[in-house]
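Below is one structure, written out as structure tokens, with a few remarks after it.
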Amino acid sequence: MTDGTVAQSIPRPEVETSAHQLGIPDLVLNCNHAAKFIGLKSPIPYRLREDGVNDLKYGMNFAFGGTGVFNTLVSDPNMTTQIDFFQELIKTNAFNASDVDSSMALVTLSGNDYSAYEVWNGTTQGFPSFITSVVKQLKVNLKRIHGLGVKKIAMTALQPLGCLPRSTIKSSFQQCNGTENSLVSFHNLLLQQAVAKLNNETKVSTFVILNLYDSFIAISSSSICAGSTKFENPLKPCCGGISSEYYCGSVDVNGTKKYTVCDDPEAAFFWDSAHPTQEGWSAVYSALQTTLEQL
């Protein structure tokens with residue numbers, strides 16, 4: 001749930017049910033590929049729930065771009081509020097007990113809490129403590145979703161933020177930022193410990209981690225093939241500003257484009273400074289297929 005954080009419920013294939021997702025930035029593509037790899041149609045966004053009554057059987061996507069576990073740089077609902085939305089739909093019987101019992105929730109956190117921490121002048125020394133607080137709240141959220149009746153919950157590990165183009169631009173898109181990735185590794189270690197404790201409490205493997213970190217690293221560290229596509233330089237985005245003051249999608253006061261787009265987006269792993277292309281996400285979820293088959 002969230003983008004930054006994502007909460008989504010996805011019906012498990014062996015039964016006809018619903019799926020729910022709670023929140024991230026690559027929200028749509030991340031969610032679409034997760035659903036696709038377990039044989040489902042992508043859940044409808046919470047904002048469109050009134051127009052998609054007939055699609056409720058496919059679940060619902062509660063994520064809002066730019067959000068996180070806590071409040072971030074956007075004013076949209078954080079993960080706690082997204083879970084509130086899910087709980088309210090259960091209360092009003094939009095999703096009945098049987099729907100929820102046979103569903104899976106995909107919960108995604110993309111790092112927006114950490115971006116906000118930096119913008120709000122958080123210190124380097126305070127980062128480990130803040131990461132600990134983020135994962136602590138994430139554990140509370142996961143436990144709450146399970147308490148609402150969801151029997152299977154998939155949580156994404158944090159992707160290597162130091163490998164995003166907004167960081168690798170400093171090395172002309174040649175190498176990842178090790179300092180950033182070490183902090184991400186700390187987040188993922190705490191997440192693994194939290195999930196292990198939750199599974200011990202439930203006595204079954206209710207919670208599963210989707211290891212985006214290793215998938216991204218495998219793709220970012222070498223030129224690999226994703227289906228028929230080879231990523232020549234995985235760290236270089238397809239779309240970017242013509243100078244440091246612009247970004248993908250920038251236009252001046254006259255409406256003139258201040259960005260460029262590569263000739264073949266399908267040959268790029270990253271679309272812009274932070275988000276993978278459709279082909280990029282396909283490669284990531286191909287690497288996760290074994291884990292997804294266990295859900």
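Each chain in the structure tokens gets a letter, A, B and so on, in the order shown; residues start at 1 in every chain, and ligands are counted from 1 in the order they appear.
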
Practice problem: Please provide the set of residues having any atom within 12 Å of Gln174 of chain A, restricted to only C-alpha atoms, with same-chain residues fewer than 3 positions apart removed, written as a PyMOL selection string. | Solution: chain A and resi 162-165+167-171+177+220-223+232-237

Practice problem: Run DSSP on the backbone and grab whatever in segment 89-246 of chain A lands in alpha helix (DSSP H); send it over as an MDAnalysis selection string. | Solution: chainID A and resid 89:91 97:101 112:119 127:147 165:168 178:202 212:220

Residues near segment 126-129 of chain A, cut-off 9 Å, only C-alpha atoms, skip fewer than 5 positions along chain, as a compact mmCIF listing (two decimals) with C-alpha atoms, in the first residue's frame:
# COMPACT_ATOMS: atom_id res chain seq x y z
CA TYR A 114 13.92 8.59 3.09
CA TYR A 117 14.03 12.80 5.54
CA VAL A 134 10.24 3.25 9.35
CA LEU A 183 21.59 2.22 4.09
CA PHE A 186 20.23 -1.95 6.59
CA HIS A 187 16.55 -1.29 5.87

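Interatomic distance, atom CA of Asn211 of chain A against atom CA of Ser110 of chain A: 12.6 Å.
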
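You can rank A:Ser244, A:Gln294, A:Thr108, A:Asn54 by their closest distance to Ser273 of chain A using only C-alpha atoms, and at the top of that list sits A:Ser244.
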
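Look at Ala196 of chain A: the protein and nucleic acid residues within 12 Å of it, using only C-alpha atoms and passing over chain neighbours fewer than 6 places away, are Lys139, Leu189, Leu190, Thr202, Lys203, Val204, Ser205, Thr206, Phe207, Val208 and Ile209 of chain A.
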
Quiz item: Using only C-alpha atoms, which residue out of A:Phe270, A:Tyr259, A:Tyr285, A:Phe231 lies closest to Ser215 of chain A?
Solution: A:Tyr285

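Restricting the calculation to only C-alpha atoms, the smallest distance between Leu198 of chain A and any of A:Ile219, A:Leu142, A:Ala157, A:Leu210 is found for A:Leu142.
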
Exercise. Check the DSSP output for the backbone and give back, as a PyMOL selection string, the residues of segment 9-216 of chain A in strand (DSSP E or B).
Key: chain A and resi 9-11+19-23+44-45+60-61+103-109+152-156+207-210

So that I have them on file, write out the residues from the current selection with N, CA and C atoms, as an mmCIF file, in the first residue's frame.
data_model
loop_
_atom_site.group_PDB
_atom_site.id
_atom_site.type_symbol
_atom_site.label_atom_id
_atom_site.label_comp_id
_atom_site.auth_asym_id
_atom_site.auth_seq_id
_atom_site.Cartn_x
_atom_site.Cartn_y
_atom_site.Cartn_z
ATOM 1 N N SER A 9 -4.433 -5.687 -2.720
ATOM 2 C CA SER A 9 -4.837 -7.063 -2.528
ATOM 3 C C SER A 9 -4.961 -7.700 -3.872
ATOM 4 N N ILE A 10 -4.420 -8.884 -3.983
ATOM 5 C CA ILE A 10 -4.491 -9.601 -5.249
ATOM 6 C C ILE A 10 -5.050 -10.981 -4.974
ATOM 7 N N PRO A 11 -6.093 -11.368 -5.708
ATOM 8 C CA PRO A 11 -6.681 -12.673 -5.479
ATOM 9 C C PRO A 11 -5.686 -13.773 -5.795
ATOM 10 N N ALA A 19 -7.583 -8.893 -4.766
ATOM 11 C CA ALA A 19 -6.233 -8.530 -4.432
ATOM 12 C C ALA A 19 -6.194 -7.107 -3.955
ATOM 13 N N HIS A 20 -5.351 -6.830 -3.012
ATOM 14 C CA HIS A 20 -5.274 -5.451 -2.533
ATOM 15 C C HIS A 20 -3.829 -5.004 -2.412
ATOM 16 N N GLN A 21 -3.553 -3.809 -2.909
ATOM 17 C CA GLN A 21 -2.200 -3.315 -2.821
ATOM 18 C C GLN A 21 -2.132 -1.992 -2.094
ATOM 19 N N LEU A 22 -1.102 -1.839 -1.285
ATOM 20 C CA LEU A 22 -0.892 -0.600 -0.570
ATOM 21 C C LEU A 22 0.450 0.000 -0.952
ATOM 22 N N GLY A 23 0.642 1.037 -1.442
ATOM 23 C CA GLY A 23 1.330 2.159 -1.988
ATOM 24 C C GLY A 23 2.710 2.429 -2.554
ATOM 25 N N ILE A 44 -8.097 -2.352 -9.654
ATOM 26 C CA ILE A 44 -8.449 -0.965 -9.952
ATOM 27 C C ILE A 44 -7.937 -0.042 -8.841
ATOM 28 N N PRO A 45 -7.596 1.214 -9.175
ATOM 29 C CA PRO A 45 -7.160 2.179 -8.165
ATOM 30 C C PRO A 45 -8.314 2.540 -7.227
ATOM 31 N N MET A 60 -8.114 -4.302 -5.349
ATOM 32 C CA MET A 60 -8.031 -2.849 -5.402
ATOM 33 C C MET A 60 -6.625 -2.380 -5.078
ATOM 34 N N ASN A 61 -6.227 -1.302 -5.742
ATOM 35 C CA ASN A 61 -4.910 -0.701 -5.540
ATOM 36 C C ASN A 61 -5.092 0.578 -4.717
ATOM 37 N N SER A 103 -7.631 -13.648 -0.412
ATOM 38 C CA SER A 103 -6.833 -12.654 -1.126
ATOM 39 C C SER A 103 -5.381 -12.627 -0.666
ATOM 40 N N MET A 104 -4.582 -11.956 -1.452
ATOM 41 C CA MET A 104 -3.202 -11.679 -1.084
ATOM 42 C C MET A 104 -3.007 -10.172 -1.106
ATOM 43 N N ALA A 105 -2.227 -9.644 -0.191
ATOM 44 C CA ALA A 105 -1.910 -8.218 -0.197
ATOM 45 C C ALA A 105 -0.461 -8.016 -0.628
ATOM 46 N N LEU A 106 -0.252 -7.096 -1.540
ATOM 47 C CA LEU A 106 1.095 -6.699 -1.940
ATOM 48 C C LEU A 106 1.373 -5.339 -1.317
ATOM 49 N N VAL A 107 2.390 -5.276 -0.470
ATOM 50 C CA VAL A 107 2.729 -4.039 0.224
ATOM 51 C C VAL A 107 4.102 -3.572 -0.255
ATOM 52 N N THR A 108 4.163 -2.357 -0.743
ATOM 53 C CA THR A 108 5.407 -1.852 -1.318
ATOM 54 C C THR A 108 5.828 -0.539 -0.701
ATOM 55 N N LEU A 109 7.094 -0.440 -0.396
ATOM 56 C CA LEU A 109 7.677 0.815 0.076
ATOM 57 C C LEU A 109 8.822 1.155 -0.864
ATOM 58 N N LYS A 152 -2.276 -14.067 3.196
ATOM 59 C CA LYS A 152 -0.971 -14.071 2.526
ATOM 60 C C LYS A 152 -0.596 -12.640 2.177
ATOM 61 N N ILE A 153 0.579 -12.206 2.632
ATOM 62 C CA ILE A 153 1.018 -10.824 2.430
ATOM 63 C C ILE A 153 2.432 -10.811 1.875
ATOM 64 N N ALA A 154 2.600 -10.196 0.708
ATOM 65 C CA ALA A 154 3.919 -10.058 0.088
ATOM 66 C C ALA A 154 4.401 -8.627 0.302
ATOM 67 N N MET A 155 5.628 -8.502 0.764
ATOM 68 C CA MET A 155 6.224 -7.192 1.035
ATOM 69 C C MET A 155 7.484 -7.048 0.203
ATOM 70 N N THR A 156 7.618 -5.954 -0.523
ATOM 71 C CA THR A 156 8.826 -5.778 -1.324
ATOM 72 C C THR A 156 9.975 -5.256 -0.481
ATOM 73 N N PHE A 207 3.847 -14.111 5.684
ATOM 74 C CA PHE A 207 4.514 -12.960 5.088
ATOM 75 C C PHE A 207 5.700 -13.397 4.228
ATOM 76 N N VAL A 208 5.766 -12.863 3.009
ATOM 77 C CA VAL A 208 6.830 -13.209 2.067
ATOM 78 C C VAL A 208 7.474 -11.926 1.556
ATOM 79 N N ILE A 209 8.795 -11.916 1.460
ATOM 80 C CA ILE A 209 9.509 -10.745 0.945
ATOM 81 C C ILE A 209 9.850 -10.958 -0.531
ATOM 82 N N LEU A 210 9.518 -9.974 -1.360
ATOM 83 C CA LEU A 210 9.927 -9.976 -2.763
ATOM 84 C C LEU A 210 11.225 -9.182 -2.850
#

Self-check item: Selection near Cys248 of chain A, 7 Å with only C-alpha atoms, sequence-local residues under 4 positions removed, as a ChimeraX atom specification
Solution: /A:239-241,259,272

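Note that atom CA of Arg47 of chain A and atom CA of Pro77 of chain A are 11.7 Å apart.
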
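Between atom CA of Thr92 of chain A and atom CA of Tyr46 of chain A lies a distance of 14.6 Å.
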